[in-house]
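Asks: This is data.cif (mmCIF, C-alpha atoms).
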data_structure
#
loop_
_atom_site.label_atom_id
_atom_site.label_comp_id
_atom_site.auth_asym_id
_atom_site.auth_seq_id
_atom_site.Cartn_x
_atom_site.Cartn_y
_atom_site.Cartn_z
CA LEU L 14 46.62 171.42 62.74
CA ARG L 15 48.69 168.90 64.62
CA GLU L 16 51.64 169.44 62.28
CA ARG L 17 51.33 173.20 62.72
CA LEU L 18 51.38 172.86 66.52
CA ILE L 19 54.46 170.62 66.40
CA SER L 20 56.19 173.04 64.05
CA LYS L 21 55.27 175.98 66.30
CA LEU L 22 56.60 174.21 69.40
CA ALA L 23 59.82 173.35 67.61
CA MET L 24 60.29 176.97 66.60
CA GLU L 25 59.64 178.13 70.16
CA ASN L 26 62.17 175.67 71.56
CA GLN L 27 64.88 176.83 69.13
CA THR L 28 65.77 180.03 70.91
CA THR L 29 68.85 181.94 71.86
CA PRO L 30 69.56 180.87 75.47
CA THR L 31 70.19 183.37 78.23
CA GLU L 32 72.76 181.12 79.89
CA PHE L 33 74.53 177.77 79.73
CA ILE L 34 75.21 175.27 82.48
CA LEU L 35 78.81 174.05 82.50
CA SER L 36 78.61 170.58 84.03
CA GLY L 37 82.20 169.44 83.54
CA PHE L 38 82.68 169.10 87.30
CA SER L 39 79.22 167.70 88.01
CA LYS L 40 80.52 164.20 88.74
CA LEU L 41 83.22 165.56 91.04
CA ARG L 42 81.13 167.70 93.37
CA GLY L 43 82.37 165.76 96.39
CA SER L 44 85.95 166.75 95.53
CA ARG L 45 85.28 170.32 94.44
CA PHE L 46 87.35 171.91 97.22
CA LEU L 47 90.27 169.62 96.39
CA LEU L 48 89.91 170.58 92.73
CA LEU L 49 89.66 174.23 93.76
CA GLY L 50 93.02 173.97 95.52
CA VAL L 51 94.73 172.06 92.71
CA ILE L 52 93.51 174.36 89.93
CA SER L 53 94.38 177.44 92.02
CA ILE L 54 97.94 176.16 92.45
CA ILE L 55 98.20 175.43 88.71
CA TYR L 56 96.96 178.94 87.90
CA ILE L 57 99.38 180.60 90.32
CA PHE L 58 102.34 178.61 88.96
CA THR L 59 101.28 179.43 85.39
CA LEU L 60 101.11 183.16 86.09
CA LEU L 61 104.36 183.27 88.08
CA GLY L 62 106.29 181.09 85.61
CA ASN L 63 105.23 183.00 82.51
CA MET L 64 105.66 186.38 84.21
CA LEU L 65 109.19 185.31 85.16
CA ILE L 66 109.94 184.53 81.51
CA LEU L 67 108.59 187.96 80.52
CA LEU L 68 110.65 189.71 83.19
CA LEU L 69 113.89 187.91 82.37
CA SER L 70 113.58 188.44 78.62
CA LEU L 71 113.00 192.16 79.15
CA VAL L 72 115.71 192.74 81.78
CA ASP L 73 118.59 190.64 80.42
CA PRO L 74 120.08 192.08 77.19
CA TYR L 75 121.24 188.58 76.14
CA LEU L 76 117.58 187.52 75.94
CA ARG L 77 116.55 190.15 73.40
CA THR L 78 117.03 187.93 70.39
CA PRO L 79 114.23 186.83 68.00
CA MET L 80 113.86 183.52 69.85
CA TYR L 81 113.02 185.31 73.09
CA LEU L 82 110.71 187.76 71.33
CA PHE L 83 108.68 184.71 70.33
CA LEU L 84 109.02 183.24 73.81
CA ARG L 85 107.69 186.47 75.39
CA ASN L 86 104.63 186.31 73.21
CA LEU L 87 104.19 182.62 73.99
CA SER L 88 104.18 183.50 77.69
CA LEU L 89 101.64 186.28 77.08
CA LEU L 90 99.38 183.86 75.20
CA ASP L 91 99.60 181.31 78.02
CA ILE L 92 98.72 183.95 80.62
CA PHE L 93 95.75 185.23 78.61
CA GLN L 94 94.54 181.75 77.70
CA THR L 95 94.47 180.49 81.28
CA THR L 96 92.92 183.74 82.51
CA THR L 97 90.11 183.22 79.97
CA THR L 98 89.05 179.90 81.52
CA ILE L 99 90.53 179.23 84.97
CA PRO L 100 88.97 182.11 87.00
CA GLN L 101 85.54 181.02 85.79
CA MET L 102 86.31 177.41 86.80
CA LEU L 103 87.42 178.55 90.25
CA GLN L 104 84.27 180.66 90.68
CA HIS L 105 82.06 177.69 89.81
CA LEU L 106 83.94 175.37 92.18
CA LEU L 107 83.84 177.91 94.98
CA SER L 108 80.18 178.87 94.65
CA GLY L 109 78.83 175.48 93.59
CA ARG L 110 76.93 177.21 90.75
CA SER L 111 78.03 176.42 87.21
CA SER L 112 76.00 178.80 85.05
CA ILE L 113 77.53 181.21 82.53
CA SER L 114 75.60 183.83 80.60
CA TYR L 115 75.23 183.47 76.85
CA GLY L 116 77.23 186.63 76.19
CA SER L 117 80.03 185.56 78.53
CA CYS L 118 80.12 182.14 76.88
CA MET L 119 80.52 183.64 73.41
CA ALA L 120 83.19 186.04 74.67
CA GLN L 121 85.05 183.18 76.34
CA LEU L 122 84.83 181.14 73.13
CA TYR L 123 86.25 184.02 71.08
CA PHE L 124 89.22 184.79 73.32
CA PHE L 125 90.06 181.15 73.96
CA LEU L 126 90.14 180.39 70.22
CA LEU L 127 92.16 183.55 69.61
CA PHE L 128 94.91 182.57 72.04
CA VAL L 129 94.94 178.89 71.07
CA GLY L 130 95.10 179.72 67.34
CA ALA L 131 97.78 182.39 67.77
CA GLU L 132 99.90 179.99 69.83
CA GLY L 133 99.83 177.38 67.07
CA ILE L 134 101.08 179.91 64.51
CA LEU L 135 103.70 181.20 66.94
CA LEU L 136 105.06 177.69 67.61
CA ALA L 137 105.50 177.19 63.86
CA THR L 138 107.33 180.53 63.68
CA MET L 139 109.61 179.44 66.50
CA ALA L 140 110.39 176.23 64.58
CA TYR L 141 111.42 178.31 61.57
CA ASP L 142 113.60 180.44 63.85
CA ARG L 143 115.40 177.30 65.10
CA TYR L 144 115.81 176.11 61.51
CA VAL L 145 117.51 179.36 60.48
CA ALA L 146 119.68 179.44 63.61
CA ILE L 147 121.02 175.90 63.06
CA CYS L 148 120.99 175.51 59.27
CA ASN L 149 121.94 179.10 58.30
CA PRO L 150 123.73 180.57 61.35
CA LEU L 151 125.79 183.07 59.33
CA LEU L 152 122.64 184.57 57.81
CA TYR L 153 120.57 184.45 61.00
CA THR L 154 120.65 188.17 61.77
CA VAL L 155 119.74 188.96 58.15
CA LEU L 156 116.97 186.40 57.74
CA MET L 157 115.48 186.95 61.20
CA SER L 158 115.49 190.73 61.27
CA THR L 159 113.62 192.66 63.93
CA LYS L 160 111.07 193.86 61.38
CA LEU L 161 110.39 190.35 60.10
CA CYS L 162 110.07 188.89 63.61
CA SER L 163 107.67 191.62 64.67
CA THR L 164 105.63 191.01 61.51
CA LEU L 165 105.47 187.27 62.20
CA VAL L 166 104.34 187.87 65.78
CA ALA L 167 101.68 190.36 64.67
CA ALA L 168 100.51 187.92 61.99
CA SER L 169 100.05 185.14 64.55
CA TRP L 170 97.82 187.39 66.67
CA LEU L 171 95.83 188.65 63.66
CA ILE L 172 95.28 185.17 62.22
CA GLY L 173 94.20 183.87 65.63
CA SER L 174 91.82 186.81 66.01
CA PHE L 175 90.27 186.31 62.57
CA ASN L 176 89.83 182.57 63.10
CA ALA L 177 88.20 183.16 66.49
CA ALA L 178 85.86 185.79 65.06
CA VAL L 179 84.65 183.47 62.26
CA HIS L 180 83.95 180.59 64.64
CA THR L 181 82.23 182.85 67.17
CA VAL L 182 79.93 184.42 64.56
CA LEU L 183 79.00 180.99 63.21
CA THR L 184 78.31 179.76 66.75
CA ILE L 185 76.08 182.74 67.53
CA ARG L 186 73.83 181.83 64.60
CA LEU L 187 73.17 178.34 66.02
CA SER L 188 69.92 177.46 67.74
CA PHE L 189 69.73 175.52 71.00
CA CYS L 190 66.87 173.47 72.40
CA GLY L 191 65.91 172.20 75.82
CA VAL L 192 68.30 172.34 78.76
CA ASN L 193 71.44 174.20 77.69
CA ARG L 194 73.88 172.00 79.61
CA LEU L 195 77.45 171.86 78.31
CA ARG L 196 79.30 168.81 79.55
CA TYR L 197 82.52 170.79 79.59
CA PHE L 198 84.59 173.06 81.84
CA TYR L 199 84.31 176.11 79.56
CA CYS L 200 82.74 177.19 76.28
CA ASP L 201 84.41 175.53 73.31
CA ILE L 202 83.46 174.44 69.80
CA PRO L 203 82.86 170.67 70.31
CA PRO L 204 80.38 170.91 73.22
CA LEU L 205 78.48 173.80 71.63
CA LEU L 206 78.10 171.96 68.33
CA ALA L 207 77.02 168.82 70.19
CA LEU L 208 74.39 170.80 72.09
CA SER L 209 72.93 172.63 69.10
CA CYS L 210 69.66 171.32 67.66
CA GLY L 211 70.06 173.23 64.40
CA ASP L 212 72.11 172.67 61.26
CA VAL L 213 75.81 172.68 62.17
CA SER L 214 77.12 171.58 58.76
CA LEU L 215 78.60 175.01 57.99
CA ASN L 216 80.29 175.12 61.39
CA VAL L 217 81.78 171.66 60.79
CA ILE L 218 83.06 172.63 57.34
CA VAL L 219 84.68 175.82 58.67
CA THR L 220 86.19 173.89 61.59
CA VAL L 221 87.74 171.38 59.20
CA VAL L 222 89.05 174.11 56.89
CA SER L 223 90.52 176.18 59.74
CA SER L 224 92.04 173.02 61.20
CA LEU L 225 93.80 172.39 57.90
CA PHE L 226 95.25 175.91 57.85
CA LEU L 227 95.87 176.45 61.57
CA GLY L 228 96.50 172.83 62.52
CA TRP L 229 98.06 170.83 59.72
CA GLY L 230 99.64 173.88 58.03
CA PRO L 231 101.80 174.91 61.01
CA SER L 232 102.38 171.24 61.84
CA LEU L 233 103.80 170.66 58.35
CA CYS L 234 106.01 173.73 58.72
CA ILE L 235 107.32 172.41 62.05
CA ILE L 236 107.93 168.92 60.64
CA LEU L 237 109.83 170.26 57.61
CA SER L 238 111.90 172.57 59.81
CA TYR L 239 112.91 169.75 62.11
CA VAL L 240 113.66 167.37 59.23
CA HIS L 241 116.20 169.89 57.94
CA ILE L 242 117.48 170.45 61.48
CA VAL L 243 118.01 166.73 62.08
CA PHE L 244 119.91 166.31 58.81
CA ARG L 245 122.03 169.32 59.67
CA ILE L 246 122.81 167.98 63.15
CA LEU L 247 123.76 164.55 61.76
CA LYS L 248 126.26 166.21 59.41
CA MET L 249 128.03 167.96 62.30
CA GLN L 250 131.46 166.57 63.07
CA SER L 251 131.60 167.69 66.69
CA SER L 252 129.56 165.76 69.25
CA GLN L 253 129.52 168.89 71.43
CA GLY L 254 128.04 170.85 68.52
CA ARG L 255 125.36 168.22 68.04
CA ARG L 256 124.43 168.33 71.72
CA LYS L 257 124.29 172.13 71.69
CA ALA L 258 122.11 172.17 68.57
CA PHE L 259 119.77 169.55 69.98
CA SER L 260 119.47 171.37 73.33
CA THR L 261 118.33 174.56 71.57
CA CYS L 262 115.44 172.62 69.99
CA ALA L 263 114.49 170.24 72.80
CA SER L 264 112.41 172.75 74.77
CA HIS L 265 110.47 173.94 71.73
CA LEU L 266 109.88 170.41 70.46
CA THR L 267 108.53 169.32 73.85
CA VAL L 268 106.06 172.22 73.91
CA VAL L 269 105.02 171.48 70.32
CA LEU L 270 104.27 167.83 71.10
CA LEU L 271 102.16 168.78 74.13
CA TYR L 272 100.25 171.50 72.31
CA TYR L 273 99.60 169.89 68.94
CA GLY L 274 98.97 166.44 70.39
CA SER L 275 96.04 167.72 72.46
CA CYS L 276 94.71 170.21 69.88
CA ILE L 277 94.74 167.72 67.01
CA PHE L 278 92.81 165.24 69.16
CA THR L 279 90.21 167.90 70.01
CA TYR L 280 89.65 169.78 66.77
CA ILE L 281 91.21 168.02 63.79
CA ARG L 282 88.91 165.01 63.46
CA PRO L 283 85.30 164.31 62.37
CA ILE L 284 82.55 165.62 64.64
CA SER L 285 80.99 162.15 64.64
CA SER L 286 83.98 160.87 66.59
CA TYR L 287 83.63 163.44 69.38
CA SER L 288 83.36 161.95 72.86
CA LEU L 289 82.84 164.79 75.31
CA ASP L 290 83.73 162.62 78.30
CA LYS L 291 87.17 161.91 76.81
CA ASP L 292 87.55 165.36 75.27
CA ARG L 293 87.08 167.02 78.66
CA LEU L 294 90.23 165.37 79.97
CA ILE L 295 92.20 166.32 76.86
CA SER L 296 90.93 169.90 77.10
CA LEU L 297 92.42 170.19 80.58
CA LEU L 298 95.81 169.23 79.12
CA TYR L 299 96.12 172.21 76.77
CA SER L 300 94.05 174.68 78.82
CA LEU L 301 95.63 174.02 82.25
CA VAL L 302 98.70 171.80 82.18
CA THR L 303 100.52 172.92 79.02
CA PRO L 304 100.57 176.67 79.88
CA MET L 305 102.00 175.76 83.30
CA LEU L 306 104.66 173.45 81.84
CA ASN L 307 105.85 175.85 79.11
CA PRO L 308 107.91 178.15 81.38
CA ILE L 309 109.21 175.16 83.35
CA ILE L 310 110.37 173.43 80.17
CA TYR L 311 112.07 176.53 78.81
CA THR L 312 113.65 177.38 82.17
CA LEU L 313 115.04 173.92 82.89
CA ARG L 314 116.27 173.24 79.34
CA ASN L 315 117.66 176.68 78.53
CA LYS L 316 121.07 177.80 79.79
CA ASP L 317 120.47 181.45 78.81
CA VAL L 318 117.27 181.63 80.87
CA LYS L 319 118.94 179.94 83.86
CA GLY L 320 121.85 182.37 83.56
CA ALA L 321 119.45 185.33 83.50
CA MET L 322 117.70 183.95 86.60
CA LYS L 323 121.02 183.86 88.46
CA LYS L 324 121.64 187.49 87.54
CA VAL L 325 118.20 188.65 88.65
CA CYS L 326 118.02 186.36 91.71
CA PRO L 327 121.64 185.77 92.81
CA ASP L 328 122.40 183.10 95.38
CA PRO L 329 122.58 184.41 98.96
CA PRO L 330 126.12 184.63 100.39
CA SER L 331 127.23 181.57 102.35
CA SER L 332 128.52 183.67 105.23
CA LEU L 333 128.09 187.26 106.34
CA PRO L 334 131.08 189.46 107.09
CA LEU L 335 131.67 190.19 110.76
#
Could you quickly redo this structure as structure tokens?

Replies:
Amino acid sequence: LRERLISKLAMENQTTPTEFILSGFSKLRGSRFLLLGVISIIYIFTLLGNMLILLLSLVDPYLRTPMYLFLRNLSLLDIFQTTTTIPQMLQHLLSGRSSISYGSCMAQLYFFLLFVGAEGILLATMAYDRYVAICNPLLYTVLMSTKLCSTLVAASWLIGSFNAAVHTVLTIRLSFCGVNRLRYFYCDIPPLLALSCGDVSLNVIVTVVSSLFLGWGPSLCIILSYVHIVFRILKMQSSQGRRKAFSTCASHLTVVLLYYGSCIFTYIRPISSYSLDKDRLISLLYSLVTPMLNPIIYTLRNKDVKGAMKKVCPDPPSSLPL
């Protein structure tokens, strides 16, 4: 009888929750208005910077090359990704309440994974674009045709969507016990798996497999592309040509290091090594800081973008005619 009662109580506790408590800011309640201001500024700069990239690449005919097709989509992904998480963070900081409904949590998980996964594939595609531009410049227009580029962009979105759907469905089947408190700023795989009281072995296996395909796969593609690029640059006789070739890759390589460095730390490692306190700080890097830095990096390091900015926003005249 006692065993039956314990089993019955365990079954009753393993229920689908109606909401989660996101307690990522719980230790910073005294600074919540400061955080509200800082995150608001980051969000505004992210939106304005990425919208500027979108506007310039659409208005200036010189920015309608495959590279800027990929850059437009990167800006779209950054806008959507931050909009998936930051407004909810701001609402929690402003109201002082940190609850999120179960349905909203699963929706946030899906869209966040979609945009993060698609961005990883897109960054690998951009590395291949740089490889073709530097190593096979005469065949660039043939190899990077409009049809192929559009297909690669669509594939990045579809793969990201499929990956997000699989993880979301597997997360929905999990059971949760007790107080559903996520020690995180938003709904993500690591805190949800840590909170579950059911069997998460299938989720862990799928996370490892998807990390191999969406993490290490694109990473290997990027590494191979840049190995060929480096050898090609070293063979160049002109120092000016080497500088020009390196400058075309510097912006992309910086973004890749920021993105993959944080994502690999978060997802591509054993679940036993998860430390939510440390992971929360890393999560802010690729969910807040990296999307804000992307347009800054591409604007400051790219002569074509700076030239387009001067055309759209010309300098005011130094003196007015009388």

Asks: Calculate how many Å separate CA of Pro304 in chain L from CA of Asp91 in chain L, rounding to one decimal.

Replies: 5.1 Å

Asks: Can you pull out every residue within 12 Å of Thr95 in chain L, counting only C-alpha atoms, but drop anything in the same chain fewer than 2 positions away, and send it as an MDAnalysis selection string?

Replies: chainID L and resid 52:53 55:60 63 88:93 97:103 121 124:126 128:129 199 296:305

Asks: Using only C-alpha atoms, can you tell me which of L:Tyr311, L:Phe38, L:Phe33, L:Phe175 comes closest to Ser114 in chain L?

Replies: L:Phe33

Asks: Between L:Met157, L:Ser251, L:Met119, L:Ala168, which one has atoms that come closest to His180 in chain L, using all atoms listed in the file?

Replies: L:Met119

Asks: Which residues come within 9 Å of Phe259 in chain L, counting all atoms listed in the file, excluding same-chain residues fewer than 3 positions away, as a short mmCIF file (atom, residue, chain, number, x, y, z; two decimals) with C-alpha atoms, keeping the file's coordinate frame?

Replies:
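Dumped to part-v2.cif:
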data_model
loop_
_atom_site.label_atom_id
_atom_site.label_comp_id
_atom_site.auth_asym_id
_atom_site.auth_seq_id
_atom_site.Cartn_x
_atom_site.Cartn_y
_atom_site.Cartn_z
CA ILE L 242 117.48 170.45 61.48
CA VAL L 243 118.01 166.73 62.08
CA ILE L 246 122.81 167.98 63.15
CA GLY L 254 128.04 170.85 68.52
CA ARG L 255 125.36 168.22 68.04
CA ARG L 256 124.43 168.33 71.72
CA CYS L 262 115.44 172.62 69.99
CA ALA L 263 114.49 170.24 72.80
#

Asks: The PyMOL selection byres ((chain L and resi 134-142) around 9) - which residues does that actually catch in the file I just gave you? List them as a PDB file with C-alpha atoms, in the coordinates of the input.

Replies:
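This went into out.pdb:
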ATOM      1  CA  PRO L  79     114.230 186.830  68.000  1.00  0.00           C
ATOM      2  CA  MET L  80     113.860 183.520  69.850  1.00  0.00           C
ATOM      3  CA  PHE L  83     108.680 184.710  70.330  1.00  0.00           C
ATOM      4  CA  LEU L  84     109.020 183.240  73.810  1.00  0.00           C
ATOM      5  CA  ASN L  86     104.630 186.310  73.210  1.00  0.00           C
ATOM      6  CA  LEU L  87     104.190 182.620  73.990  1.00  0.00           C
ATOM      7  CA  GLY L 130      95.100 179.720  67.340  1.00  0.00           C
ATOM      8  CA  ALA L 131      97.780 182.390  67.770  1.00  0.00           C
ATOM      9  CA  GLU L 132      99.900 179.990  69.830  1.00  0.00           C
ATOM     10  CA  GLY L 133      99.830 177.380  67.070  1.00  0.00           C
ATOM     11  CA  ARG L 143     115.400 177.300  65.100  1.00  0.00           C
ATOM     12  CA  TYR L 144     115.810 176.110  61.510  1.00  0.00           C
ATOM     13  CA  VAL L 145     117.510 179.360  60.480  1.00  0.00           C
ATOM     14  CA  ALA L 146     119.680 179.440  63.610  1.00  0.00           C
ATOM     15  CA  ILE L 147     121.020 175.900  63.060  1.00  0.00           C
ATOM     16  CA  TYR L 153     120.570 184.450  61.000  1.00  0.00           C
ATOM     17  CA  MET L 157     115.480 186.950  61.200  1.00  0.00           C
ATOM     18  CA  CYS L 162     110.070 188.890  63.610  1.00  0.00           C
ATOM     19  CA  LEU L 165     105.470 187.270  62.200  1.00  0.00           C
ATOM     20  CA  VAL L 166     104.340 187.870  65.780  1.00  0.00           C
ATOM     21  CA  ALA L 168     100.510 187.920  61.990  1.00  0.00           C
ATOM     22  CA  SER L 169     100.050 185.140  64.550  1.00  0.00           C
ATOM     23  CA  TRP L 170      97.820 187.390  66.670  1.00  0.00           C
ATOM     24  CA  ILE L 172      95.280 185.170  62.220  1.00  0.00           C
ATOM     25  CA  GLY L 173      94.200 183.870  65.630  1.00  0.00           C
ATOM     26  CA  LEU L 227      95.870 176.450  61.570  1.00  0.00           C
ATOM     27  CA  GLY L 228      96.500 172.830  62.520  1.00  0.00           C
ATOM     28  CA  GLY L 230      99.640 173.880  58.030  1.00  0.00           C
ATOM     29  CA  PRO L 231     101.800 174.910  61.010  1.00  0.00           C
ATOM     30  CA  SER L 232     102.380 171.240  61.840  1.00  0.00           C
ATOM     31  CA  LEU L 233     103.800 170.660  58.350  1.00  0.00           C
ATOM     32  CA  CYS L 234     106.010 173.730  58.720  1.00  0.00           C
ATOM     33  CA  ILE L 235     107.320 172.410  62.050  1.00  0.00           C
ATOM     34  CA  ILE L 236     107.930 168.920  60.640  1.00  0.00           C
ATOM     35  CA  SER L 238     111.900 172.570  59.810  1.00  0.00           C
ATOM     36  CA  TYR L 239     112.910 169.750  62.110  1.00  0.00           C
ATOM     37  CA  CYS L 262     115.440 172.620  69.990  1.00  0.00           C
ATOM     38  CA  HIS L 265     110.470 173.940  71.730  1.00  0.00           C
ATOM     39  CA  LEU L 266     109.880 170.410  70.460  1.00  0.00           C
ATOM     40  CA  VAL L 268     106.060 172.220  73.910  1.00  0.00           C
ATOM     41  CA  VAL L 269     105.020 171.480  70.320  1.00  0.00           C
TER      42      VAL L 269
END

Asks: Can you work out the spacing between CA of Thr181 in chain L and CA of Leu122 in chain L in Å, to one decimal?

Replies: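 According to the coordinates, CA of Thr181 in chain L and CA of Leu122 in chain L are separated by 6.7 Å.
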
Asks: As a check of understanding, name the residues that the PyMOL selection byres ((chain L and resi 210-213) around 10) selects in the supplied structure, as an mmCIF file with C-alpha atoms, keeping the file's coordinate frame.

Replies:
data_model
loop_
_atom_site.group_PDB
_atom_site.id
_atom_site.type_symbol
_atom_site.label_atom_id
_atom_site.label_comp_id
_atom_site.auth_asym_id
_atom_site.auth_seq_id
_atom_site.Cartn_x
_atom_site.Cartn_y
_atom_site.Cartn_z
ATOM 1 C CA ASN L 26 62.170 175.670 71.560
ATOM 2 C CA GLN L 27 64.880 176.830 69.130
ATOM 3 C CA LEU L 183 79.000 180.990 63.210
ATOM 4 C CA THR L 184 78.310 179.760 66.750
ATOM 5 C CA ARG L 186 73.830 181.830 64.600
ATOM 6 C CA LEU L 187 73.170 178.340 66.020
ATOM 7 C CA SER L 188 69.920 177.460 67.740
ATOM 8 C CA PHE L 189 69.730 175.520 71.000
ATOM 9 C CA CYS L 190 66.870 173.470 72.400
ATOM 10 C CA GLY L 191 65.910 172.200 75.820
ATOM 11 C CA LEU L 205 78.480 173.800 71.630
ATOM 12 C CA LEU L 206 78.100 171.960 68.330
ATOM 13 C CA ALA L 207 77.020 168.820 70.190
ATOM 14 C CA LEU L 208 74.390 170.800 72.090
ATOM 15 C CA SER L 209 72.930 172.630 69.100
ATOM 16 C CA SER L 214 77.120 171.580 58.760
ATOM 17 C CA LEU L 215 78.600 175.010 57.990
ATOM 18 C CA ASN L 216 80.290 175.120 61.390
ATOM 19 C CA VAL L 217 81.780 171.660 60.790
ATOM 20 C CA ILE L 218 83.060 172.630 57.340
#

Asks: Which residues fall under the PyMOL selection byres ((chain L and resi 194) around 10) in this file, as a PyMOL selection string?

Replies: chain L and resi 32-37+111-112+191-193+195-197+204-205+208

Asks: Emit as AutoDock Vina command-line options the padded axis-aligned box for all listed atoms of range 141-152 of chain L, 8 Å per side, with centre and edge lengths in Å to one decimal.

Replies:
--center_x 118.6 --center_y 180.0 --center_z 61.5 --size_x 30.4 --size_y 25.1 --size_z 23.3

Asks: What is the distance between CA of Leu49 in chain L and CA of Pro30 in chain L, in Å to one decimal?

Replies: 28.0 Å

Asks: Would you mind telling me which residue in L:Arg85, L:His105, L:Arg245, L:Lys40 lies nearest to Leu71 in chain L when using all atoms listed in the file?

Replies: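 Going through L:Arg85, L:His105, L:Arg245, L:Lys40 one by one, the smallest distance to Leu71 in chain L is for L:Arg85.
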
Asks: Rank L:Ile202, L:Ala177, L:Cys148, L:Leu156 by their smallest atom-to-atom distance to Met249 in chain L, using all atoms listed in the file, and report the top residue only.

Replies: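 Among the listed residues, the smallest separation from Met249 in chain L belongs to L:Cys148.
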
Asks: Rank nothing, just name the residue among L:Ile113, L:Thr78, L:Ile295, L:Ile185 nearest to Thr154 in chain L, using all atoms listed in the file.

Replies: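 Checking each of L:Ile113, L:Thr78, L:Ile295, L:Ile185 against Thr154 in chain L, counting all atoms listed in the file, the winner is L:Thr78.
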